[in-house]
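Chemist: Sharing upload-v1.cif here; it has mmCIF, C-alpha atoms.
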data_query
loop_
_atom_site.label_atom_id
_atom_site.label_comp_id
_atom_site.auth_asym_id
_atom_site.auth_seq_id
_atom_site.Cartn_x
_atom_site.Cartn_y
_atom_site.Cartn_z
CA MET A 1 1.43 2.13 11.19
CA ASP A 2 0.77 0.38 14.48
CA ASN A 3 1.02 3.12 17.10
CA LEU A 4 2.79 0.99 19.72
CA VAL A 5 5.40 -0.25 17.24
CA LEU A 6 5.88 3.37 16.22
CA ALA A 7 6.47 4.29 19.87
CA SER A 8 9.19 1.65 20.16
CA ALA A 9 10.72 2.71 16.84
CA ALA A 10 10.79 6.39 17.83
CA ARG A 11 12.47 5.58 21.12
CA GLU A 12 15.08 3.44 19.36
CA LEU A 13 15.76 6.09 16.70
CA GLY A 14 16.24 8.78 19.32
CA SER A 15 18.75 6.58 21.09
CA VAL A 16 20.70 5.49 18.00
CA CYS A 17 20.81 8.80 16.12
CA ALA A 18 20.97 11.37 18.93
CA GLY A 19 23.52 13.99 17.90
CA ALA A 20 23.96 12.56 14.40
CA PRO A 21 23.73 15.10 11.56
CA LEU A 22 21.31 14.51 8.70
CA GLU A 23 23.39 13.61 5.64
CA ASP A 24 20.70 13.22 3.03
CA LEU A 25 16.97 13.56 2.44
CA ARG A 26 15.67 12.20 -0.84
CA GLN A 27 12.45 11.06 -2.48
CA GLU A 28 12.43 7.51 -3.89
CA SER A 29 8.84 7.31 -5.12
CA ALA A 30 5.62 9.28 -4.94
CA THR A 31 5.13 8.21 -1.32
CA ARG A 32 8.54 6.93 -0.16
CA PHE A 33 11.31 9.08 1.34
CA ARG A 34 14.74 8.24 2.74
CA LEU A 35 16.63 10.04 5.48
CA ARG A 36 20.26 9.20 6.13
CA PHE A 37 22.03 10.10 9.37
CA ALA A 38 25.82 10.16 9.78
CA ARG A 39 26.17 7.47 12.43
CA GLU A 40 28.38 4.36 12.48
CA ALA A 41 30.61 3.45 9.54
CA SER A 42 27.82 3.16 6.98
CA GLY A 43 25.36 5.64 8.48
CA VAL A 44 21.77 4.98 9.49
CA SER A 45 19.08 5.02 6.82
CA LEU A 46 15.43 5.58 7.64
CA VAL A 47 12.50 5.12 5.25
CA VAL A 48 9.31 7.14 5.66
CA SER A 49 6.32 6.07 3.60
CA VAL A 50 3.20 8.25 3.41
CA ARG A 51 1.18 5.77 1.33
CA ALA A 52 -2.46 6.54 2.11
CA GLU A 53 -3.52 3.07 3.24
CA ILE A 54 -0.51 2.25 5.44
CA PRO A 55 1.93 5.09 6.22
CA TRP A 56 4.98 3.89 8.15
CA LEU A 57 8.62 4.45 9.05
CA GLY A 58 11.46 2.00 9.62
CA ARG A 59 14.87 0.91 8.46
CA PRO A 60 14.97 -0.50 4.92
CA SER A 61 15.32 -4.27 4.66
CA ARG A 62 16.34 -4.29 1.00
CA ARG A 63 17.87 -1.98 -1.55
CA TRP A 64 15.29 0.18 -3.29
CA GLU A 65 14.92 -0.95 -6.91
CA GLY A 66 12.20 1.41 -8.08
CA PRO A 67 12.64 3.94 -10.90
CA ARG A 68 14.26 7.31 -10.28
CA TRP A 69 11.76 9.86 -9.08
CA SER A 70 11.65 13.59 -9.70
CA PRO A 71 11.45 15.06 -6.18
CA ASP A 72 8.58 17.19 -4.96
CA PRO A 73 9.55 20.85 -4.37
CA PHE A 74 8.98 20.27 -0.65
CA VAL A 75 11.82 17.72 -0.58
CA GLY A 76 14.32 20.29 -1.85
CA LEU A 77 13.07 22.84 0.68
CA ALA A 78 13.37 20.37 3.57
CA ALA A 79 16.77 19.07 2.43
CA ARG A 80 18.25 22.58 2.28
CA ALA A 81 16.85 23.43 5.72
CA LEU A 82 17.84 20.22 7.55
CA THR A 83 20.92 18.67 5.88
CA GLY A 84 23.96 18.98 8.11
CA ARG A 85 21.99 19.71 11.29
CA PRO A 86 22.41 17.29 14.23
CA LEU A 87 19.34 15.42 15.41
CA LEU A 88 18.56 16.44 18.97
CA GLU A 89 15.36 14.55 19.76
CA VAL A 90 12.70 12.23 18.35
CA ALA A 91 9.51 13.24 20.12
CA LYS A 92 6.28 11.24 20.18
CA ARG A 93 3.11 11.61 22.21
CA PRO A 94 1.96 8.13 23.36
CA ALA A 95 -1.47 7.99 21.71
CA ASP A 96 -0.66 9.89 18.46
CA ARG A 97 0.53 8.29 15.23
CA MET A 98 3.17 10.93 14.57
CA VAL A 99 6.77 11.69 15.46
CA THR A 100 8.73 14.94 15.39
CA PHE A 101 12.42 15.04 14.52
CA ARG A 102 13.93 18.05 16.27
CA PHE A 103 17.23 19.35 14.89
CA ALA A 104 19.73 21.94 16.06
CA GLY A 105 18.78 25.52 15.26
CA ASP A 106 15.09 25.18 16.17
CA ALA A 107 14.32 23.25 12.96
CA ALA A 108 12.04 20.22 12.98
CA LEU A 109 10.35 17.72 10.69
CA ALA A 110 6.93 16.45 11.76
CA VAL A 111 6.06 13.03 10.34
CA GLU A 112 2.31 12.32 10.43
CA LEU A 113 1.50 8.62 10.00
CA ALA A 114 -2.25 8.28 10.56
CA PRO A 115 -4.05 6.19 7.90
CA HIS A 116 -5.10 8.40 4.98
CA GLY A 117 -3.26 11.25 6.65
CA GLY A 118 0.44 10.61 5.98
CA ASN A 119 2.39 13.86 5.65
CA LEU A 120 5.72 15.61 6.21
CA VAL A 121 5.76 19.11 7.69
CA LEU A 122 8.85 21.33 7.91
CA LEU A 123 8.97 23.56 10.99
CA GLU A 124 11.13 26.35 12.34
CA ASN A 125 10.49 27.60 15.87
CA ASP A 126 7.31 25.49 15.75
CA ARG A 127 6.01 27.52 12.81
CA ILE A 128 5.19 25.91 9.48
CA ILE A 129 7.65 26.49 6.64
CA GLY A 130 6.01 24.04 4.23
CA SER A 131 4.33 20.65 3.95
CA LEU A 132 4.34 17.79 1.48
CA ARG A 133 0.55 17.65 1.29
CA ARG A 134 -2.07 20.26 2.00
CA SER A 135 -5.64 19.20 1.34
CA ARG A 136 -8.76 21.29 1.74
CA ALA A 137 -9.36 19.75 5.15
CA SER A 138 -5.85 20.64 6.36
CA ALA A 139 -5.37 23.94 4.49
CA GLU A 140 -5.90 26.11 7.55
CA ARG A 141 -3.95 23.88 9.93
CA LEU A 142 -0.92 23.68 7.58
CA ALA A 143 -0.90 27.26 6.31
CA PRO A 144 2.73 28.48 6.01
CA GLY A 145 3.70 30.81 8.81
CA GLY A 146 1.17 29.45 11.27
CA VAL A 147 1.95 27.67 14.52
CA TYR A 148 1.96 23.94 13.93
CA ALA A 149 -0.81 21.87 15.51
CA PRO A 150 -0.73 18.07 15.22
CA ARG A 151 -3.39 16.33 13.19
CA PRO A 152 -6.52 15.79 15.31
CA GLY A 153 -6.57 12.32 16.83
CA GLY A 154 -9.28 9.75 16.35
CA ARG A 155 -12.01 8.75 18.72
CA GLY A 156 -11.30 7.09 22.03
CA LEU A 157 -9.86 7.71 25.46
CA ASP A 158 -6.15 7.87 26.21
CA PRO A 159 -5.33 4.48 27.84
CA PHE A 160 -1.85 5.68 28.85
CA SER A 161 -3.37 8.06 31.43
CA LEU A 162 -6.11 5.77 32.79
CA PRO A 163 -5.72 3.34 35.71
CA PRO A 164 -6.58 -0.34 35.08
CA GLU A 165 -9.80 -0.10 37.10
CA GLU A 166 -11.22 2.64 34.87
CA ILE A 167 -10.30 0.66 31.75
CA ASP A 168 -12.09 -2.41 33.11
CA ALA A 169 -15.15 -0.31 34.02
CA LEU A 170 -15.32 1.15 30.52
CA VAL A 171 -14.96 -2.30 28.96
CA ALA A 172 -17.76 -3.68 31.17
CA ALA A 173 -20.08 -0.78 30.26
CA ARG A 174 -19.51 -1.25 26.53
CA ARG A 175 -20.06 -4.99 26.85
CA LEU A 176 -23.54 -4.29 28.18
CA GLU A 177 -24.24 -2.46 24.93
CA GLY A 178 -23.36 -5.62 23.01
CA GLU A 179 -20.00 -4.47 21.63
CA PRO A 180 -17.29 -7.17 21.23
CA ASP A 181 -14.17 -6.83 23.37
CA LEU A 182 -11.90 -6.46 20.34
CA GLU A 183 -13.90 -3.49 19.05
CA ILE A 184 -14.06 -1.96 22.52
CA LEU A 185 -10.25 -1.84 22.69
CA ARG A 186 -9.76 -0.79 19.06
CA ARG A 187 -12.38 1.94 18.96
CA GLY A 188 -12.71 2.92 22.60
CA PHE A 189 -9.03 3.63 23.34
CA ALA A 190 -6.74 5.86 21.28
CA GLY A 191 -3.54 4.34 19.95
CA ILE A 192 -4.60 0.69 20.35
CA GLY A 193 -4.60 -1.20 17.07
CA THR A 194 -5.98 -4.58 16.08
CA ALA A 195 -2.78 -6.48 16.86
CA ALA A 196 -2.39 -5.01 20.35
CA ALA A 197 -6.08 -5.51 21.17
CA SER A 198 -5.92 -9.16 20.08
CA LEU A 199 -2.78 -9.80 22.15
CA VAL A 200 -4.28 -8.21 25.26
CA LEU A 201 -7.44 -10.32 25.03
CA GLU A 202 -5.44 -13.54 24.45
CA GLU A 203 -3.15 -12.85 27.41
CA ALA A 204 -6.01 -11.88 29.71
CA ALA A 205 -7.83 -15.12 28.88
CA LEU A 206 -4.64 -17.17 29.24
CA HIS A 207 -3.72 -15.86 32.70
CA GLY A 208 -7.18 -15.06 34.03
CA ALA A 209 -6.25 -11.39 34.47
CA SER A 210 -8.41 -8.38 33.74
CA ILE A 211 -8.13 -6.57 30.41
CA GLY A 212 -7.16 -3.32 32.13
CA THR A 213 -4.35 -4.97 34.09
CA VAL A 214 -2.80 -6.62 31.03
CA LEU A 215 -3.18 -3.52 28.85
CA LYS A 216 -1.57 -1.16 31.39
CA ARG A 217 1.34 -3.52 31.99
CA ARG A 218 2.03 -3.85 28.27
CA LEU A 219 1.72 -0.11 27.66
CA ALA A 220 4.21 0.56 30.46
CA GLU A 221 6.68 -1.82 28.77
CA VAL A 222 6.29 0.03 25.46
CA VAL A 223 6.84 3.44 27.05
CA ALA A 224 9.90 2.16 28.95
CA GLY A 225 11.43 0.66 25.80
CA GLU A 226 11.15 -2.90 27.13
CA ALA A 227 8.71 -4.22 24.49
CA ARG A 228 10.21 -6.34 21.71
CA SER A 229 8.41 -5.80 18.43
CA CYS A 230 8.32 -8.84 16.15
CA VAL A 231 6.70 -10.30 13.06
CA GLU A 232 4.62 -13.43 13.52
CA ALA A 233 5.10 -15.38 10.31
CA PRO A 234 4.45 -18.88 8.92
CA GLY A 235 7.72 -18.59 6.98
CA PRO A 236 10.30 -16.13 5.60
CA PRO A 237 8.38 -12.97 4.61
CA TRP A 238 10.26 -12.10 1.42
CA GLU A 239 9.90 -15.66 0.11
CA ALA A 240 6.14 -15.39 0.70
CA VAL A 241 6.09 -12.11 -1.25
CA ALA A 242 7.89 -13.78 -4.16
CA ARG A 243 5.35 -16.66 -4.15
CA GLY A 244 2.43 -14.26 -3.95
CA ASP A 245 1.09 -15.59 -0.64
CA PHE A 246 2.08 -12.85 1.80
CA ASP A 247 -1.25 -12.36 3.58
CA ALA A 248 -2.94 -11.81 6.94
CA ARG A 249 -1.06 -14.75 8.47
CA PHE A 250 1.90 -12.35 8.74
CA ARG A 251 1.35 -9.96 11.66
CA LEU A 252 3.45 -7.14 13.08
CA LEU A 253 3.20 -7.39 16.87
CA PRO A 254 4.07 -4.57 19.28
CA TRP A 255 5.49 -7.07 21.80
CA ASP A 256 6.43 -10.74 21.90
CA PRO A 257 3.40 -12.48 23.46
CA PRO A 258 3.30 -15.79 25.32
CA SER A 259 3.76 -18.68 22.90
CA ARG A 260 0.72 -20.42 21.43
CA ALA A 261 0.47 -23.85 19.86
CA ASP A 262 -0.71 -22.37 16.55
CA ALA A 263 1.74 -19.46 16.54
CA GLY A 264 4.20 -19.18 13.67
CA GLU A 265 7.79 -18.09 13.76
CA ARG A 266 8.58 -14.86 15.65
CA ILE A 267 10.99 -12.67 13.69
CA ASP A 268 12.95 -9.86 15.32
CA ALA A 269 14.95 -8.15 12.56
CA GLY A 270 17.16 -6.34 15.06
CA GLY A 271 15.01 -3.76 16.79
CA ALA A 272 11.67 -2.08 16.23
CA LEU A 273 12.93 0.05 13.33
CA ALA A 274 14.30 -2.89 11.35
CA THR A 275 11.35 -5.13 12.19
CA ALA A 276 8.84 -2.49 11.11
CA GLY A 277 10.81 -1.87 7.92
CA LEU A 278 10.85 -5.59 7.10
CA TYR A 279 7.12 -6.00 7.62
CA TYR A 280 5.90 -2.88 5.86
CA GLU A 281 8.25 -3.24 2.89
CA CYS A 282 6.86 -6.75 2.41
CA VAL A 283 3.32 -5.36 2.66
CA ASP A 284 4.08 -2.72 0.00
CA ALA A 285 5.84 -5.23 -2.28
CA ALA A 286 2.96 -7.71 -2.01
CA GLU A 287 0.47 -4.96 -2.87
CA GLN A 288 2.54 -3.90 -5.88
CA LEU A 289 2.72 -7.52 -7.06
CA ARG A 290 -1.05 -7.92 -6.75
CA ALA A 291 -1.54 -4.69 -8.70
CA ARG A 292 0.77 -5.91 -11.49
CA ILE A 293 -1.00 -9.26 -11.65
CA GLY A 294 -4.35 -7.47 -11.81
CA SER A 295 -3.10 -5.29 -14.68
CA LEU A 296 -1.79 -8.33 -16.57
CA VAL A 297 -5.08 -10.16 -16.08
CA GLY A 298 -6.92 -7.14 -17.47
CA ILE A 299 -4.61 -7.02 -20.49
CA LEU A 300 -5.03 -10.75 -21.13
CA ARG A 301 -8.81 -10.46 -20.90
CA SER A 302 -8.78 -7.56 -23.35
CA GLU A 303 -6.52 -9.47 -25.77
CA ALA A 304 -8.68 -12.59 -25.46
CA GLY A 305 -11.78 -10.54 -26.25
CA MET A 306 -10.11 -9.03 -29.31
CA MET A 307 -8.96 -12.46 -30.50
CA SER A 308 -12.47 -13.86 -30.05
CA SER A 309 -13.88 -11.02 -32.15
CA GLN A 310 -11.24 -11.55 -34.82
CA ILE A 311 -11.92 -15.28 -34.91
CA ALA A 312 -15.66 -14.67 -35.21
CA MET A 313 -15.10 -12.15 -38.02
CA ALA A 314 -12.74 -14.50 -39.83
CA SER A 315 -15.27 -17.29 -39.52
CA LEU A 316 -18.00 -15.05 -40.89
CA GLN A 317 -15.78 -13.93 -43.76
CA GLY A 318 -14.88 -17.55 -44.44
CA ASN A 319 -18.54 -18.49 -44.64
CA VAL A 320 -19.25 -15.61 -47.04
CA SER A 321 -16.26 -16.57 -49.22
CA ALA A 322 -17.35 -20.20 -49.25
CA ALA A 323 -20.86 -19.18 -50.29
CA ALA A 324 -19.45 -16.99 -53.06
CA ARG A 325 -17.26 -19.81 -54.34
CA THR A 326 -20.23 -22.16 -54.33
CA ALA A 327 -22.26 -19.61 -56.30
CA ASP A 328 -19.44 -19.19 -58.81
CA ARG A 329 -19.14 -22.92 -59.29
CA ALA A 330 -22.88 -23.19 -59.74
CA ALA A 331 -22.87 -20.30 -62.23
CA ASN A 332 -20.01 -21.86 -64.23
CA ARG A 333 -21.47 -25.37 -64.28
CA PRO A 334 -21.89 -26.54 -67.91
CA GLY A 335 -25.49 -26.81 -69.17
CA ARG A 336 -26.92 -24.53 -66.47
CA GLU A 337 -29.37 -22.01 -67.87
CA SER A 338 -30.65 -18.92 -66.13
CA PRO A 339 -34.33 -19.10 -65.33
CA ALA A 340 -34.55 -15.36 -65.99
CA THR A 341 -34.02 -15.58 -69.76
CA SER A 342 -34.36 -18.00 -72.66
CA CYS A 343 -31.76 -16.24 -74.82
CA PRO A 344 -29.46 -18.96 -76.25
CA CYS A 345 -26.68 -16.41 -76.67
CA CYS A 346 -26.78 -15.41 -73.01
CA ASN A 347 -26.97 -19.04 -71.95
CA ALA A 348 -23.85 -19.72 -73.99
CA ARG A 349 -22.08 -16.77 -72.41
CA ARG A 350 -22.77 -18.11 -68.90
CA ARG A 351 -20.70 -21.18 -69.76
CA LEU A 352 -17.68 -18.97 -70.38
CA PRO A 353 -15.25 -17.89 -67.63
CA ARG A 354 -16.17 -14.60 -65.92
CA ASP A 355 -13.51 -12.49 -67.63
CA ARG A 356 -14.60 -13.69 -71.08
CA ARG A 357 -18.24 -12.95 -70.33
CA ARG A 358 -17.43 -9.26 -69.88
CA ALA A 359 -15.48 -9.22 -73.15
CA THR A 360 -18.28 -10.93 -75.11
CA PRO A 361 -21.46 -8.88 -74.92
CA CYS A 362 -24.75 -10.26 -76.02
CA PRO A 363 -25.34 -9.33 -79.73
CA ARG A 364 -29.06 -9.23 -79.30
CA PRO A 365 -30.62 -5.88 -78.42
#
Let me see the structure of the file written as structure tokens.

Modeler:
Amino acid sequence: MDNLVLASAARELGSVCAGAPLEDLRQESATRFRLRFAREASGVSLVVSVRAEIPWLGRPSRRWEGPRWSPDPFVGLAARALTGRPLLEVAKRPADRMVTFRFAGDAALAVELAPHGGNLVLLENDRIIGSLRRSRASAERLAPGGVYAPRPGGRGLDPFSLPPEEIDALVAARRLEGEPDLEILRRGFAGIGTAAASLVLEEAALHGASIGTVLKRRLAEVVAGEARSCVEAPGPPWEAVARGDFDARFRLLPWDPPSRADAGERIDAGGALATAGLYYECVDAAEQLRARIGSLVGILRSEAGMMSSQIAMASLQGNVSAAARTADRAANRPGRESPATSCPCCNARRRLPRDRRRATPCPRP
């Protein structure tokens, strides 16, 4: 999930659900979980997806229509520990793709959302009670009873703590090494994704400002809760999913940038949580549709191959049957004598139908 959108979503969730007790925690699929807080008339639902390629959290944009899922034992453990407890805080460090839900009674749920590292970790007094996933690489870090340590971050400096001048100096130094500006921002600074890096470069070029100045101003807006996350789209996202053309033209942006002539529609679904939920649910649905289409294409190719084999076999059998019928007609043709014998009796028998030949043996020894 885009780290800056996650920052806006965490801030919004902490504001909306502060003091609200957790009503429900359930598992909807192998990688999708729903938390429901008792707030407002209908409550506030939050979806957490730990799908390896794109883990995310947000408010659901549509009713979940997947099959019922048998919950992982961790879900029952977390539900028993957290249900009924008021949410006190949603904590997030600026450069990390993770949030921590802190509940009354020193209980917490850490939600790790780094690509290929999505996970849920149940904590009590900052010690690990259990986790949804525990791979070999994270076995020591997530051992039950140990003090919880966040997942190690990726490469790059923390841009939230650097002044604009240092950012510009680092960008200039990396340029001398031949690295493109987009890659400098994406790989050189922690928590800056492709969308944010692209927007910073566009705005810096548009206004003639330095990259460090634009980046620091935008990061300050995100931290202060002033950034408006939106989806840049050439049309309604769910209609594009249904047509099968939801693609890279749809972008989740951490803030609403200055308008461009080639920009599509900017969609704000009602806050960072709802906007993130809309975008990522469309991404997941489009991926599922592509997977189904790929499976159907594979089935059709297999069936076509089987039909081709059956047609070839039937054609071969038809040719053999036609040859046999031709031989039978030739053998039953009146006046035809076998070149293998000059026996008049046998020649006479060959003029008879096949069943009568068997019943009329040759009288000659």

Chemist: Taking 4 positions as the minimum chain separation for residues in the same chain, which residues sit within 7 Å of Ala95 in chain A when counting all atoms listed in the file? Answer as a PyMOL selection string.

Modeler: chain A and resi 158+190-191

Chemist: Which residues match the PyMOL selection byres ((chain A and resi 157) around 8) in the file above, as a list in words?

Modeler: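 Given this file, the PyMOL selection byres ((chain A and resi 157) around 8) evaluates to Arg155, Gly156, Asp158, Pro159, Gly188, Phe189 and Ala190 of chain A.
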
Chemist: Have a look at A:Ala195, A:Ala107, A:Val283, A:Leu77 and name the one nearest to Ile54 in chain A; count all atoms listed in the file.

Modeler: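 Checking each candidate against Ile54 in chain A, we get A:Val283 as the closest.
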
Chemist: Given the choices A:Glu53, A:Glu89, A:Glu23, A:Asp96, which gets closest to His116 in chain A if the distance is worked out from all atoms listed in the file?

Modeler: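 Between A:Glu53, A:Glu89, A:Glu23, A:Asp96, the residue approaching His116 in chain A most closely is A:Glu53.
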
Chemist: Using the chain letters and numbers from this file, what does the PyMOL selection byres ((chain A and resi 32-45) around 8) select? Give the answer as a list in words.

Modeler: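 This file, filtered by the PyMOL selection byres ((chain A and resi 32-45) around 8), leaves Cys17, Ala20, Pro21, Leu22, Glu23, Asp24, Leu25, Arg26, Gln27, Glu28, Ser29, Ala30, Thr31, Leu46, Val47, Val48, Ser49, Val50, Arg51, Arg59 and Pro60 of chain A.
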
Chemist: Identify which of the residues A:Thr83, A:Ser61, A:Ser198, A:Ser135 lies closest to Pro180 in chain A, counting all atoms listed in the file when measuring atom-to-atom distances.

Modeler: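 Among the listed residues, the smallest separation from Pro180 in chain A belongs to A:Ser198.
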
Chemist: Go through A:Arg93, A:Ile184, A:Ala104, A:Pro73 and flag the residue nearest Ser161 in chain A, using only C-alpha atoms for the distances.

Modeler: A:Arg93

Chemist: Using all atoms listed in the file, find the one residue out of A:Arg243, A:Glu112, A:Gly130, A:Leu253 that sits nearest to Val200 in chain A.

Modeler: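 Among the listed residues, A:Leu253 lies closest to Val200 in chain A.
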
Chemist: Mind pulling up the distance from CA of Arg228 in chain A to CA of Ala272 in chain A?

Modeler: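 Separation between CA of Ala272 in chain A and CA of Arg228 in chain A: 7.1 Å.
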